[in-house]
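K.L.:
Please find one structure pasted underneath; my questions will follow.
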Amino acid sequence: MQSARIGNGCGFWGDNLDAPVLLAQGGRLDYLTLEYLAELTMSILALQKQRDPQAGFATDFLDVLDRLTPVLRAQPQ
């Protein structure tokens with residue numbers, strides 16, 4: 001591979017859920033990252049976990065995957 005096209009679809013928890021889908025639809029990407037470890041995200045999740053030990057996870061991640069999976073499957077190999 002001469003070059004790689006890389007997109008970052010989420011920069012923090014609460015970012016636009018459609019961003020990774022739009023990148024995948026129009027970007028002809030080789031790699032797509034979803035970053036849920038931004039400082040803002042980590043501080044929010046830590047506070048949630050302090051209040052409720054069952055919390056502390058980015059709950060929108062599965063929603064992003066639900067939106068993104070059909071788009072990725074439809075891309076040419």
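FYI, nothing fancy with the structure tokens labels: chains A, B, ... in order, residues from 1 per chain, ligands from 1 as they appear.
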Could you give me, as number ranges by chain, the residues within 10 Å of range 53-63 of chain A, counting only C-alpha atoms and dropping anything in the same chain fewer than 5 positions from it?

P.N.:
A: 10, 12-15, 17, 34, 36-37, 41-48, 68

K.L.:
Based on the selection just made, write N, CA and C atoms of those residues as a PDB file, in the first residue's frame.

P.N.:
```
ATOM      1  N   CYS A  10     -14.893  10.181  15.855  1.00  0.00           N
ATOM      2  CA  CYS A  10     -15.371  10.737  17.121  1.00  0.00           C
ATOM      3  C   CYS A  10     -14.159  11.226  17.891  1.00  0.00           C
ATOM      4  N   PHE A  12     -14.601  12.810  21.072  1.00  0.00           N
ATOM      5  CA  PHE A  12     -14.943  12.779  22.494  1.00  0.00           C
ATOM      6  C   PHE A  12     -16.366  12.265  22.622  1.00  0.00           C
ATOM      7  N   TRP A  13     -16.721  11.817  23.811  1.00  0.00           N
ATOM      8  CA  TRP A  13     -18.076  11.338  24.052  1.00  0.00           C
ATOM      9  C   TRP A  13     -19.017  12.526  23.963  1.00  0.00           C
ATOM     10  N   GLY A  14     -20.037  12.422  23.140  1.00  0.00           N
ATOM     11  CA  GLY A  14     -20.948  13.521  22.898  1.00  0.00           C
ATOM     12  C   GLY A  14     -20.706  14.182  21.554  1.00  0.00           C
ATOM     13  N   ASP A  15     -19.660  13.753  20.862  1.00  0.00           N
ATOM     14  CA  ASP A  15     -19.379  14.262  19.521  1.00  0.00           C
ATOM     15  C   ASP A  15     -20.510  13.824  18.586  1.00  0.00           C
ATOM     16  N   LEU A  17     -22.692  11.915  16.360  1.00  0.00           N
ATOM     17  CA  LEU A  17     -22.775  10.480  16.085  1.00  0.00           C
ATOM     18  C   LEU A  17     -22.778  10.166  14.598  1.00  0.00           C
ATOM     19  N   LEU A  34     -12.367   5.642  16.256  1.00  0.00           N
ATOM     20  CA  LEU A  34     -13.376   6.252  17.114  1.00  0.00           C
ATOM     21  C   LEU A  34     -12.712   6.428  18.470  1.00  0.00           C
ATOM     22  N   TYR A  36     -12.594   7.407  22.230  1.00  0.00           N
ATOM     23  CA  TYR A  36     -13.404   7.651  23.419  1.00  0.00           C
ATOM     24  C   TYR A  36     -12.519   7.857  24.644  1.00  0.00           C
ATOM     25  N   LEU A  37     -11.270   8.224  24.439  1.00  0.00           N
ATOM     26  CA  LEU A  37     -10.347   8.394  25.556  1.00  0.00           C
ATOM     27  C   LEU A  37      -9.910   9.842  25.740  1.00  0.00           C
ATOM     28  N   THR A  41     -13.999  13.188  27.985  1.00  0.00           N
ATOM     29  CA  THR A  41     -14.744  11.932  28.094  1.00  0.00           C
ATOM     30  C   THR A  41     -14.347  11.172  29.345  1.00  0.00           C
ATOM     31  N   MET A  42     -13.062  11.043  29.580  1.00  0.00           N
ATOM     32  CA  MET A  42     -12.593  10.273  30.732  1.00  0.00           C
ATOM     33  C   MET A  42     -13.056  10.893  32.046  1.00  0.00           C
ATOM     34  N   SER A  43     -13.079  12.221  32.132  1.00  0.00           N
ATOM     35  CA  SER A  43     -13.521  12.861  33.372  1.00  0.00           C
ATOM     36  C   SER A  43     -15.024  12.655  33.584  1.00  0.00           C
ATOM     37  N   ILE A  44     -15.806  12.740  32.526  1.00  0.00           N
ATOM     38  CA  ILE A  44     -17.250  12.497  32.638  1.00  0.00           C
ATOM     39  C   ILE A  44     -17.519  11.062  33.071  1.00  0.00           C
ATOM     40  N   LEU A  45     -16.833  10.114  32.452  1.00  0.00           N
ATOM     41  CA  LEU A  45     -17.046   8.705  32.784  1.00  0.00           C
ATOM     42  C   LEU A  45     -16.600   8.387  34.210  1.00  0.00           C
ATOM     43  N   ALA A  46     -15.516   9.012  34.653  1.00  0.00           N
ATOM     44  CA  ALA A  46     -15.048   8.786  36.029  1.00  0.00           C
ATOM     45  C   ALA A  46     -16.072   9.291  37.037  1.00  0.00           C
ATOM     46  N   LEU A  47     -16.657  10.457  36.782  1.00  0.00           N
ATOM     47  CA  LEU A  47     -17.691  10.983  37.677  1.00  0.00           C
ATOM     48  C   LEU A  47     -18.917  10.082  37.699  1.00  0.00           C
ATOM     49  N   GLN A  48     -19.302   9.578  36.533  1.00  0.00           N
ATOM     50  CA  GLN A  48     -20.455   8.676  36.471  1.00  0.00           C
ATOM     51  C   GLN A  48     -20.189   7.401  37.264  1.00  0.00           C
ATOM     52  N   LEU A  68     -22.913   2.650  11.698  1.00  0.00           N
ATOM     53  CA  LEU A  68     -21.716   2.538  10.883  1.00  0.00           C
ATOM     54  C   LEU A  68     -21.590   1.202  10.158  1.00  0.00           C
TER      55      LEU A  68
END
```

K.L.:
Just list as a ChimeraX atom specification whatever in range 17-64 of chain A DSSP marks as alpha helix (DSSP H).

P.N.:
/A:19-27,39-51,61-64

K.L.:
At a cut-off of 10 Å, using only C-alpha atoms, what residues contact Leu23 in chain A? Leave out same-chain residues fewer than 3 positions from it and give the result as a ChimeraX atom specification.

P.N.:
/A:6-9,18-20,26-29,32,68,71

K.L.:
CA of Pro76 in chain A to CA of Gln2 in chain A: how many Å, to one decimal?

P.N.:
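Separation of CA of Pro76 in chain A and CA of Gln2 in chain A: 18.3 Å.
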
K.L.:
CA of Ala74 in chain A and CA of Asp30 in chain A, how far apart in Å?

P.N.:
13.8 Å

K.L.:
Can you tell me, as a list of chain:residue names, which residues in chain A count as strand (DSSP E) by DSSP?

P.N.:
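Across chain A, those assigned strand (DSSP E) are A:Ile6, A:Gly7, A:Asn8, A:Gly9, A:Cys10, A:Tyr31, A:Leu32, A:Thr33, A:Leu34.
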
K.L.:
As an exercise, work out the distance from CA of Arg67 in chain A to CA of Gln25 in chain A in Å and give it to one decimal place.

P.N.:
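Going from CA of Arg67 in chain A over to CA of Gln25 in chain A covers 11.2 Å.
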
K.L.:
Taking only C-alpha atoms into account, name the residue in A:Asp52, A:Val64, A:Gly11, A:Leu22 that is nearest to Glu39 in chain A.

P.N.:
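For Glu39 in chain A, the nearest of the given residues is A:Gly11.
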